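Data file: data_7.cif. Format and content: mmCIF, C-alpha atoms.
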```
data_protein
loop_
_atom_site.label_atom_id
_atom_site.label_comp_id
_atom_site.auth_asym_id
_atom_site.auth_seq_id
_atom_site.Cartn_x
_atom_site.Cartn_y
_atom_site.Cartn_z
CA ALA G 206 101.10 141.48 167.61
CA SER G 207 103.29 138.48 168.37
CA LEU G 208 102.34 134.97 167.35
CA ARG G 209 100.29 133.17 169.95
CA THR G 210 99.81 129.60 171.08
CA LEU G 211 96.74 128.03 169.52
CA SER G 212 93.90 126.70 171.63
CA SER G 213 93.05 122.99 171.56
CA ARG G 214 90.01 123.78 169.42
CA GLU G 215 92.11 125.72 166.88
CA ARG G 216 94.63 122.88 166.69
CA LEU G 217 91.83 120.38 166.12
CA ALA G 218 90.33 122.58 163.39
CA LEU G 219 93.72 122.68 161.64
CA ARG G 220 94.07 118.88 161.85
CA VAL G 221 90.55 118.45 160.46
CA GLN G 222 91.31 120.82 157.58
CA ARG G 223 94.46 118.86 156.77
CA ALA G 224 92.58 115.53 156.90
CA VAL G 225 89.85 116.85 154.58
CA GLY G 226 92.49 118.18 152.19
CA CYS G 227 94.27 114.83 152.20
CA ALA G 228 91.01 112.94 151.54
CA CYS G 229 90.20 115.26 148.61
CA ALA G 230 93.76 115.20 147.21
CA PRO G 231 93.19 112.54 144.51
CA ILE G 232 90.68 114.91 142.91
CA THR G 233 92.20 118.28 143.78
CA MET G 234 95.73 117.41 142.63
CA LEU G 235 94.46 116.27 139.23
CA ALA G 236 92.20 119.33 138.98
CA VAL G 237 95.12 121.73 139.50
CA HIS G 238 97.29 119.80 137.05
CA TRP G 239 94.49 119.91 134.44
CA PHE G 240 93.89 123.63 135.04
CA LEU G 241 97.55 124.57 134.65
CA THR G 242 98.41 122.31 131.72
CA VAL G 243 95.19 122.06 129.71
CA ARG G 244 93.17 125.15 130.54
CA LEU G 245 96.10 127.59 130.78
CA GLY G 246 98.44 125.65 128.48
CA LEU G 247 101.46 126.13 130.76
CA VAL G 248 104.60 124.04 130.43
CA LEU G 249 107.37 123.68 133.00
CA ASP G 250 110.96 124.07 131.83
CA ASP G 251 112.29 120.70 133.08
CA PRO G 252 111.30 120.66 136.76
CA SER G 253 113.30 117.47 137.49
CA GLU G 254 116.23 119.21 139.22
CA ALA G 255 113.96 121.43 141.35
CA ARG G 256 111.83 118.42 142.31
CA ARG G 257 114.92 116.35 143.17
CA LEU G 258 116.31 119.13 145.39
CA TYR G 259 112.94 119.56 147.10
CA ARG G 260 112.67 115.81 147.80
CA GLU G 261 116.19 115.81 149.25
CA LEU G 262 115.48 118.78 151.51
CA ASP G 263 112.26 117.18 152.69
CA ARG G 264 113.52 113.61 153.13
CA GLY G 265 113.99 112.62 156.77
CA ARG G 266 113.94 116.19 158.07
CA ASP G 267 113.06 116.84 161.69
CA THR G 268 112.91 120.62 161.45
CA PRO G 269 110.27 122.88 159.84
CA LEU G 270 110.64 123.87 156.18
CA LEU G 271 109.39 127.21 154.86
CA LEU G 272 109.35 128.12 151.17
CA CYS G 273 109.71 131.81 150.34
CA GLY G 274 108.77 132.72 146.78
CA ASN G 275 108.58 135.79 144.64
CA HIS G 276 105.05 136.91 143.86
CA LEU G 277 104.09 137.86 140.30
CA THR G 278 100.65 136.36 139.66
CA LEU G 279 97.52 135.28 141.51
CA ILE G 280 98.40 131.61 140.97
CA ASP G 281 102.04 131.63 142.13
CA SER G 282 101.41 129.22 145.01
CA ALA G 283 99.92 126.68 142.57
CA LEU G 284 102.79 127.22 140.13
CA ILE G 285 105.45 126.76 142.82
CA GLY G 286 103.71 123.64 144.11
CA TRP G 287 103.51 122.27 140.56
CA MET G 288 107.18 123.02 139.96
CA LEU G 289 108.28 121.22 143.14
CA GLY G 290 106.11 118.11 142.88
CA SER G 291 103.80 116.10 140.67
CA PRO G 292 100.23 115.20 141.65
CA THR G 293 101.43 111.65 142.37
CA SER G 294 104.25 112.83 144.63
CA TYR G 295 101.83 114.92 146.70
CA LEU G 296 99.45 111.99 147.04
CA MET G 297 102.31 109.93 148.45
CA ARG G 298 103.76 112.77 150.55
CA PHE G 299 100.82 115.06 151.35
CA HIS G 300 102.87 116.92 153.98
CA ALA G 301 105.09 118.23 151.15
CA LEU G 302 102.19 120.09 149.49
CA PRO G 303 102.77 123.54 151.00
CA TRP G 304 100.27 125.36 153.17
CA ASN G 305 99.93 128.98 152.12
CA VAL G 306 98.28 132.21 153.21
CA PRO G 307 96.50 133.78 150.22
CA GLU G 308 94.89 137.20 150.36
CA MET G 309 91.33 136.81 151.64
CA SER G 310 89.74 139.17 149.11
CA ASN G 311 91.27 137.21 146.22
CA PHE G 312 90.72 133.65 147.41
CA ALA G 313 88.08 133.60 150.15
CA ALA G 314 85.53 136.22 149.16
CA THR G 315 82.81 133.73 148.18
CA TRP G 316 81.75 130.44 149.74
CA LYS G 317 83.11 128.51 146.72
CA GLN G 318 86.50 130.18 147.12
CA ARG G 319 86.47 129.42 150.84
CA VAL G 320 85.77 125.74 150.17
CA MET G 321 88.56 125.58 147.58
CA SER G 322 90.98 127.37 149.89
CA TYR G 323 90.09 124.95 152.67
CA VAL G 324 90.82 121.77 150.69
CA TYR G 325 93.97 123.22 149.10
CA LYS G 326 95.70 123.81 152.47
CA CYS G 327 95.16 127.58 152.52
CA ILE G 328 94.72 129.82 155.54
CA PRO G 329 93.44 133.11 154.06
CA ILE G 330 94.85 136.32 155.47
CA GLU G 331 93.51 139.86 155.30
CA ARG G 332 96.41 141.99 154.14
CA GLY G 333 96.52 145.16 156.20
CA GLY G 334 93.79 143.75 158.43
CA ASN G 335 93.42 143.69 162.19
CA ARG G 336 96.83 142.90 163.73
CA SER G 337 95.36 140.30 166.06
CA ALA G 338 93.59 138.49 163.20
CA VAL G 339 96.77 138.54 161.08
CA ALA G 340 98.78 137.17 164.04
CA GLY G 341 96.15 134.43 164.48
CA THR G 342 96.45 133.41 160.83
CA LEU G 343 100.25 133.31 161.05
CA SER G 344 99.96 131.28 164.29
CA ARG G 345 97.83 128.65 162.50
CA PHE G 346 100.27 128.61 159.58
CA THR G 347 103.20 128.20 161.98
CA GLU G 348 101.43 125.37 163.79
CA ALA G 349 101.05 123.49 160.48
CA LEU G 350 104.81 123.76 159.91
CA ALA G 351 105.60 122.74 163.48
CA ARG G 352 103.58 119.54 162.87
CA GLY G 353 105.77 118.57 159.89
CA ASP G 354 104.02 120.08 156.88
CA VAL G 355 105.75 122.50 154.52
CA GLY G 356 104.66 126.14 154.24
CA LEU G 357 104.87 128.69 151.42
CA ILE G 358 104.80 132.42 151.97
CA PHE G 359 105.54 135.47 149.85
CA PRO G 360 107.82 137.82 151.83
CA GLU G 361 106.67 140.81 149.77
CA ALA G 362 103.14 140.26 151.14
CA GLY G 363 101.71 141.25 147.77
CA ARG G 364 102.35 140.89 144.07
CA SER G 365 105.34 142.63 142.54
CA ARG G 366 104.30 145.31 140.07
CA SER G 367 107.80 145.54 138.57
CA GLY G 368 108.10 141.81 137.86
CA ARG G 369 111.17 141.62 140.12
CA VAL G 370 111.66 140.81 143.81
CA GLU G 371 110.91 144.04 145.69
CA VAL G 372 113.06 143.71 148.81
CA GLU G 373 111.94 147.08 150.16
CA ASN G 374 108.36 145.78 150.35
CA ALA G 375 109.17 142.72 152.46
CA ALA G 376 106.81 142.29 155.42
CA TYR G 377 107.68 141.05 158.90
CA GLY G 378 105.62 137.85 158.70
CA VAL G 379 108.50 135.65 157.53
CA GLY G 380 110.74 136.75 160.39
CA ARG G 381 107.98 136.13 162.94
CA ILE G 382 107.35 132.64 161.55
CA VAL G 383 111.03 131.64 161.42
CA ARG G 384 111.71 133.04 164.90
CA SER G 385 108.86 131.00 166.36
CA LEU G 386 110.06 127.71 164.75
CA PRO G 387 113.43 126.59 166.17
CA GLY G 388 115.68 125.15 163.47
CA CYS G 389 113.37 126.27 160.66
CA ARG G 390 114.99 125.98 157.24
CA VAL G 391 114.06 128.41 154.47
CA LEU G 392 114.11 127.57 150.77
CA CYS G 393 113.94 130.60 148.46
CA VAL G 394 112.13 129.95 145.19
CA TYR G 395 112.28 132.30 142.19
CA LEU G 396 109.61 131.75 139.56
CA ARG G 397 109.32 133.49 136.21
CA GLY G 398 107.74 132.74 132.86
CA ASP G 399 109.99 132.71 129.78
CA GLN G 400 107.74 135.26 128.08
CA GLN G 401 106.93 137.27 131.18
CA ARG G 402 107.90 140.93 130.80
CA SER G 403 106.26 142.52 133.83
#
```

Spell out the structure here as structure tokens.
Amino acid sequence: ASLRTLSSRERLALRVQRAVGCACAPITMLAVHWFLTVRLGLVLDDPSEARRLYRELDRGRDTPLLLCGNHLTLIDSALIGWMLGSPTSYLMRFHALPWNVPEMSNFAATWKQRVMSYVYKCIPIERGGNRSAVAGTLSRFTEALARGDVGLIFPEAGRSRSGRVEVENAAYGVGRIVRSLPGCRVLCVYLRGDQQRS
């Protein structure tokens, strides 16, 4: 199914979600930072160059920006966001915190997960679900990018089991999004842990 134009009510719902996410950002940004650094003990390998490039690509742009990342873990969207910006930078430039479309069964199965997804700029998608529902999710995601926010999507539409980018598993969602956003720029992001073997 092709992407469709959103109704006024759907556009309003998206704006409300963004406003709620922005209002909660002082807490949610610190919570993610604490979770990644303290709870998981992760350390970034000097993100300054990636963050500088991301700021430059985002500065003064008048066209949509879509991030396409490889997909190895359940927290890749958080890791990519963390790599490209600090909590402070996202508080100052909330539009730069990417929207993403996580798998519904992983991130929106319970009411707590749905609340977290909502405030973290997520639009859950049911992989392999009803074509119309998938197209609706991608339409909402595309609308967020058209309004100036950044988006993040995983072209493989699922985690890589080999630990490498699996080009043969790429889904059509990225092409549909880019085609519907004139002038859309795409930034490919490759993420991997130093000790990651698979």

Nearest to G:Trp287, chosen from G:Ser344, G:Gln318, G:Ser253, G:Ser213, with all atoms listed in the file counted in the distances = G:Ser253

Give the answer as one residue: which of G:Thr268, G:Ser322, G:Thr315, G:Ser291 has the shortest atom-to-atom distance to G:Pro252, using only C-alpha atoms?
-> G:Ser291

Convert the output of the PyMOL selection byres ((chain G and resi 227) around 12) on the shown file into explicit residues, formatted as a CSV table (one decimal) with C-alpha atoms, keeping the file's coordinate frame.
```csv
chain,number,residue,atom,x,y,z
G,220,ARG,CA,94.1,118.9,161.8
G,221,VAL,CA,90.6,118.4,160.5
G,222,GLN,CA,91.3,120.8,157.6
G,223,ARG,CA,94.5,118.9,156.8
G,224,ALA,CA,92.6,115.5,156.9
G,225,VAL,CA,89.8,116.8,154.6
G,226,GLY,CA,92.5,118.2,152.2
G,228,ALA,CA,91.0,112.9,151.5
G,229,CYS,CA,90.2,115.3,148.6
G,230,ALA,CA,93.8,115.2,147.2
G,231,PRO,CA,93.2,112.5,144.5
G,232,ILE,CA,90.7,114.9,142.9
G,233,THR,CA,92.2,118.3,143.8
G,234,MET,CA,95.7,117.4,142.6
G,295,TYR,CA,101.8,114.9,146.7
G,296,LEU,CA,99.4,112.0,147.0
G,297,MET,CA,102.3,109.9,148.4
G,298,ARG,CA,103.8,112.8,150.6
G,299,PHE,CA,100.8,115.1,151.4
G,300,HIS,CA,102.9,116.9,154.0
G,301,ALA,CA,105.1,118.2,151.2
G,302,LEU,CA,102.2,120.1,149.5
G,323,TYR,CA,90.1,125.0,152.7
G,324,VAL,CA,90.8,121.8,150.7
G,325,TYR,CA,94.0,123.2,149.1
G,326,LYS,CA,95.7,123.8,152.5
```

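The space between atom CA of G:Trp304 and atom CA of G:Asp399 spans 26.4 Å.
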
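Of the residues under consideration (G:Ser294, G:Ser337, G:Thr347, G:Gln400), G:Ser294 shows the shortest atom-to-atom contact distance to G:Arg257 when counting all atoms listed in the file.
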
Selection: 9 Å around G:Ile285, all atoms listed in the file, excl. self and same-chain fewer than 5 positions, as a CSV table (one decimal) with C-alpha atoms, in the frame of the given file:
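Now in around_39.csv:
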```
chain,number,residue,atom,x,y,z
G,274,GLY,CA,108.8,132.7,146.8
G,280,ILE,CA,98.4,131.6,141.0
G,290,GLY,CA,106.1,118.1,142.9
G,357,LEU,CA,104.9,128.7,151.4
G,394,VAL,CA,112.1,130.0,145.2
G,395,TYR,CA,112.3,132.3,142.2
G,396,LEU,CA,109.6,131.8,139.6
```

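Near G:Leu235, within 9 Å and counting only C-alpha atoms, sit Ala230, Phe240, Pro292 and Thr293 of chain G, not including residues fewer than 5 positions from it in the same chain.
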
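Minimum atom-to-atom distance to G:Asp281, evaluated using all atoms listed in the file, belongs to G:Gly398 out of G:Pro387, G:Gly265, G:Gly398, G:Gly380.
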
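Selection result for the displayed file, with the PyMOL selection byres ((chain G and resi 331) around 12) as criterion, is Val306, Pro307, Glu308, Met309, Ser310, Asn311, Phe312, Ala313, Ala314, Ile328, Pro329, Ile330, Arg332, Gly333, Gly334, Asn335, Arg336, Ser337, Ala338, Val339, Ala340, Gly341, Thr342, Leu343, Ala362 and Gly363 of chain G.
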
Give as a ChimeraX atom specification every residue, naming chains and numbers as the document does, that has an atom within 12 Å of (115.8, 128.2, 162.5), counting all atoms listed in the file.
-> /G:267-271,351,379-392

Point-to-point distance from atom CA of G:Phe359 to atom CA of G:Ala255, Å rounded to tenths = 18.4 Å

Smallest atom-to-atom distance to G:Leu247: which of G:Leu277, G:Ala349, G:Leu262, G:Met288, using all atoms listed in the file?
-> G:Met288

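Counting all atoms listed in the file, the residue from G:Ser282, G:Asn275, G:Arg319, G:Leu289 that sits nearest to G:Glu361 is G:Asn275.
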
Would you mind reading off the distance between atom CA of G:Arg260 and atom CA of G:Phe346, one decimal, in Å?
-> 21.4 Å

Return as AutoDock Vina command-line options the centre and edge lengths, in Å with one decimal, of the box along x, y and z that encloses every atom of stretch 303-310 of chain G in the file, padded by 8 Å per side.
```
--center_x 96.3 --center_y 131.4 --center_z 151.2 --size_x 29.0 --size_y 31.6 --size_z 20.1
```
